[in-house]
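Asker: Below: one structure in structure tokens.
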Amino acid sequence: MEVRKASRLIGQFAMVGQLGLSLLMPLLMCLVACYLLVTKVSAPIWVYIPGFILGLGASMTTAYKVYLSVVHKEEKNRLRRDPNEVNISRHI
């Protein structure tokens, strides 16, 4: 029983890490692309503004997809549980 709880806890930590990377990486990739445009192609400095906005949009999109996958996984796990199990919201 303890192994199952530890495994579940590790899985939840992995999901938090994945969510963090999903929020951070698209923004960083867009900002690096803007940096390369400004330094290599001599693009104007205002290129960072749309790059930042696009990076935030991509971050939110990937975070939403991660959220949907977690919700879908939890729903699938909830359907597999024992129907006689007593929860806080189900006392009888």
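Just remember, in the structure tokens the first chain shown is A, the second B, etc., residues are 1-based per chain, and ligands are 1-based in the order shown.
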Can you pull out every residue within 12 Å of Val70 of chain A, counting only C-alpha atoms, but drop anything in the same chain fewer than 3 positions away, and send it as a PDB file with C-alpha atoms, in the first residue's frame?
Answerer:
ATOM      1  CA  GLY A  11       3.899  10.658 -10.590  1.00  0.00           C
ATOM      2  CA  GLN A  12       2.307  13.848  -9.297  1.00  0.00           C
ATOM      3  CA  ALA A  14       6.575  14.485 -12.449  1.00  0.00           C
ATOM      4  CA  MET A  15       3.376  16.141 -13.687  1.00  0.00           C
ATOM      5  CA  VAL A  16       4.232  19.351 -11.832  1.00  0.00           C
ATOM      6  CA  GLN A  18       6.194  18.704 -16.851  1.00  0.00           C
ATOM      7  CA  LEU A  19       3.770  21.563 -16.358  1.00  0.00           C
ATOM      8  CA  ALA A  63      -0.093  24.042 -20.264  1.00  0.00           C
ATOM      9  CA  TYR A  64      -3.775  23.651 -21.127  1.00  0.00           C
ATOM     10  CA  LYS A  65      -3.020  20.469 -23.056  1.00  0.00           C
ATOM     11  CA  VAL A  66      -1.068  19.075 -20.097  1.00  0.00           C
ATOM     12  CA  TYR A  67      -3.990  19.994 -17.824  1.00  0.00           C
ATOM     13  CA  LYS A  73      -6.075  10.406 -16.698  1.00  0.00           C
ATOM     14  CA  GLU A  74      -7.739  11.147 -13.344  1.00  0.00           C
ATOM     15  CA  GLU A  75     -11.190  10.543 -14.850  1.00  0.00           C
ATOM     16  CA  LYS A  76     -10.034   7.188 -16.189  1.00  0.00           C
ATOM     17  CA  ASN A  77      -8.604   6.257 -12.781  1.00  0.00           C
TER      18      ASN A  77
END
Asker: At a cut-off of 9 Å, using only C-alpha atoms, what residues contact segment 23-32 of chain A? Leave out same-chain residues fewer than 3 positions from it and give the result as a list of chain:residue names.
Answerer: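 Answer for this query is A:Gln18, A:Leu19, A:Gly20, A:Tyr35, A:Leu36, A:Leu37, A:Tyr48, A:Gly51, A:Phe52, A:Ile53, A:Leu54, A:Gly55, A:Leu56, A:Gly57, A:Ala58, A:Ser59, A:Met60, A:Thr61, A:Thr62, A:Ala63.
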Asker: Those same residues, written as a PDB file, in the first residue's frame with N, CA and C atoms?
Answerer:
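Resulting contents of selection.pdb:
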ATOM      1  N   GLN A  18       6.562  18.599 -15.443  1.00  0.00           N
ATOM      2  CA  GLN A  18       6.194  18.704 -16.851  1.00  0.00           C
ATOM      3  C   GLN A  18       5.400  19.984 -17.107  1.00  0.00           C
ATOM      4  N   LEU A  19       4.534  20.333 -16.204  1.00  0.00           N
ATOM      5  CA  LEU A  19       3.770  21.563 -16.358  1.00  0.00           C
ATOM      6  C   LEU A  19       4.695  22.773 -16.317  1.00  0.00           C
ATOM      7  N   GLY A  20       5.679  22.763 -15.426  1.00  0.00           N
ATOM      8  CA  GLY A  20       6.641  23.857 -15.363  1.00  0.00           C
ATOM      9  C   GLY A  20       7.427  24.000 -16.647  1.00  0.00           C
ATOM     10  N   TYR A  35      16.142  36.974 -30.040  1.00  0.00           N
ATOM     11  CA  TYR A  35      17.533  37.377 -29.842  1.00  0.00           C
ATOM     12  C   TYR A  35      18.356  37.126 -31.103  1.00  0.00           C
ATOM     13  N   LEU A  36      18.156  35.947 -31.709  1.00  0.00           N
ATOM     14  CA  LEU A  36      18.883  35.646 -32.930  1.00  0.00           C
ATOM     15  C   LEU A  36      18.493  36.588 -34.067  1.00  0.00           C
ATOM     16  N   LEU A  37      17.212  36.917 -34.155  1.00  0.00           N
ATOM     17  CA  LEU A  37      16.779  37.873 -35.182  1.00  0.00           C
ATOM     18  C   LEU A  37      17.423  39.237 -34.980  1.00  0.00           C
ATOM     19  N   TYR A  48      11.040  41.782 -29.846  1.00  0.00           N
ATOM     20  CA  TYR A  48      10.869  41.060 -28.580  1.00  0.00           C
ATOM     21  C   TYR A  48       9.423  41.096 -28.090  1.00  0.00           C
ATOM     22  N   GLY A  51       7.354  38.518 -29.921  1.00  0.00           N
ATOM     23  CA  GLY A  51       7.932  37.233 -29.542  1.00  0.00           C
ATOM     24  C   GLY A  51       7.517  36.815 -28.147  1.00  0.00           C
ATOM     25  N   PHE A  52       7.495  37.782 -27.224  1.00  0.00           N
ATOM     26  CA  PHE A  52       7.067  37.503 -25.861  1.00  0.00           C
ATOM     27  C   PHE A  52       5.589  37.114 -25.819  1.00  0.00           C
ATOM     28  N   ILE A  53       4.769  37.833 -26.568  1.00  0.00           N
ATOM     29  CA  ILE A  53       3.329  37.538 -26.601  1.00  0.00           C
ATOM     30  C   ILE A  53       3.077  36.160 -27.210  1.00  0.00           C
ATOM     31  N   LEU A  54       3.764  35.851 -28.310  1.00  0.00           N
ATOM     32  CA  LEU A  54       3.607  34.528 -28.925  1.00  0.00           C
ATOM     33  C   LEU A  54       4.113  33.421 -27.994  1.00  0.00           C
ATOM     34  N   GLY A  55       5.197  33.697 -27.284  1.00  0.00           N
ATOM     35  CA  GLY A  55       5.715  32.716 -26.328  1.00  0.00           C
ATOM     36  C   GLY A  55       4.744  32.446 -25.196  1.00  0.00           C
ATOM     37  N   LEU A  56       4.102  33.507 -24.697  1.00  0.00           N
ATOM     38  CA  LEU A  56       3.095  33.313 -23.646  1.00  0.00           C
ATOM     39  C   LEU A  56       1.896  32.522 -24.163  1.00  0.00           C
ATOM     40  N   GLY A  57       1.481  32.826 -25.381  1.00  0.00           N
ATOM     41  CA  GLY A  57       0.362  32.085 -25.966  1.00  0.00           C
ATOM     42  C   GLY A  57       0.689  30.609 -26.129  1.00  0.00           C
ATOM     43  N   ALA A  58       1.888  30.327 -26.611  1.00  0.00           N
ATOM     44  CA  ALA A  58       2.300  28.931 -26.764  1.00  0.00           C
ATOM     45  C   ALA A  58       2.420  28.244 -25.411  1.00  0.00           C
ATOM     46  N   SER A  59       2.899  28.962 -24.413  1.00  0.00           N
ATOM     47  CA  SER A  59       3.014  28.389 -23.068  1.00  0.00           C
ATOM     48  C   SER A  59       1.645  28.029 -22.505  1.00  0.00           C
ATOM     49  N   MET A  60       0.696  28.932 -22.658  1.00  0.00           N
ATOM     50  CA  MET A  60      -0.644  28.674 -22.143  1.00  0.00           C
ATOM     51  C   MET A  60      -1.316  27.523 -22.891  1.00  0.00           C
ATOM     52  N   THR A  61      -1.072  27.437 -24.187  1.00  0.00           N
ATOM     53  CA  THR A  61      -1.654  26.342 -24.973  1.00  0.00           C
ATOM     54  C   THR A  61      -1.107  24.990 -24.524  1.00  0.00           C
ATOM     55  N   THR A  62       0.209  24.882 -24.370  1.00  0.00           N
ATOM     56  CA  THR A  62       0.779  23.610 -23.944  1.00  0.00           C
ATOM     57  C   THR A  62       0.399  23.281 -22.507  1.00  0.00           C
ATOM     58  N   ALA A  63       0.327  24.293 -21.644  1.00  0.00           N
ATOM     59  CA  ALA A  63      -0.093  24.042 -20.264  1.00  0.00           C
ATOM     60  C   ALA A  63      -1.536  23.541 -20.216  1.00  0.00           C
TER      61      ALA A  63
END
Asker: Between atom CA of Ala33 of chain A and atom CA of Trp46 of chain A, what is the spacing in Å?
Answerer: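 So the two atoms, atom CA of Trp46 of chain A and atom CA of Ala33 of chain A, lie 13.1 Å apart.
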Asker: Give the helix (DSSP H, G or I) residues of chain A, as DSSP finds them on the backbone, and put them as JSON, numbers by chain.
Answerer: {"A": [2, 3, 4, 5, 6, 7, 8, 9, 10, 11, 12, 13, 14, 15, 16, 17, 18, 19, 20, 21, 22, 23, 24, 25, 26, 27, 28, 29, 30, 31, 32, 33, 34, 35, 36, 37, 38, 39, 40, 45, 46, 47, 48, 49, 50, 51, 52, 53, 54, 55, 56, 57, 58, 59, 60, 61, 62, 63, 64, 65, 66, 67, 68, 69, 70, 71, 72, 73, 74, 75, 76, 77, 78, 79, 80]}
Asker: Which distance in Å separates atom CA of Lys5 of chain A and atom CA of Leu21 of chain A, to one decimal?
Answerer: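 Between atom CA of Lys5 of chain A and atom CA of Leu21 of chain A the gap works out to 24.5 Å.
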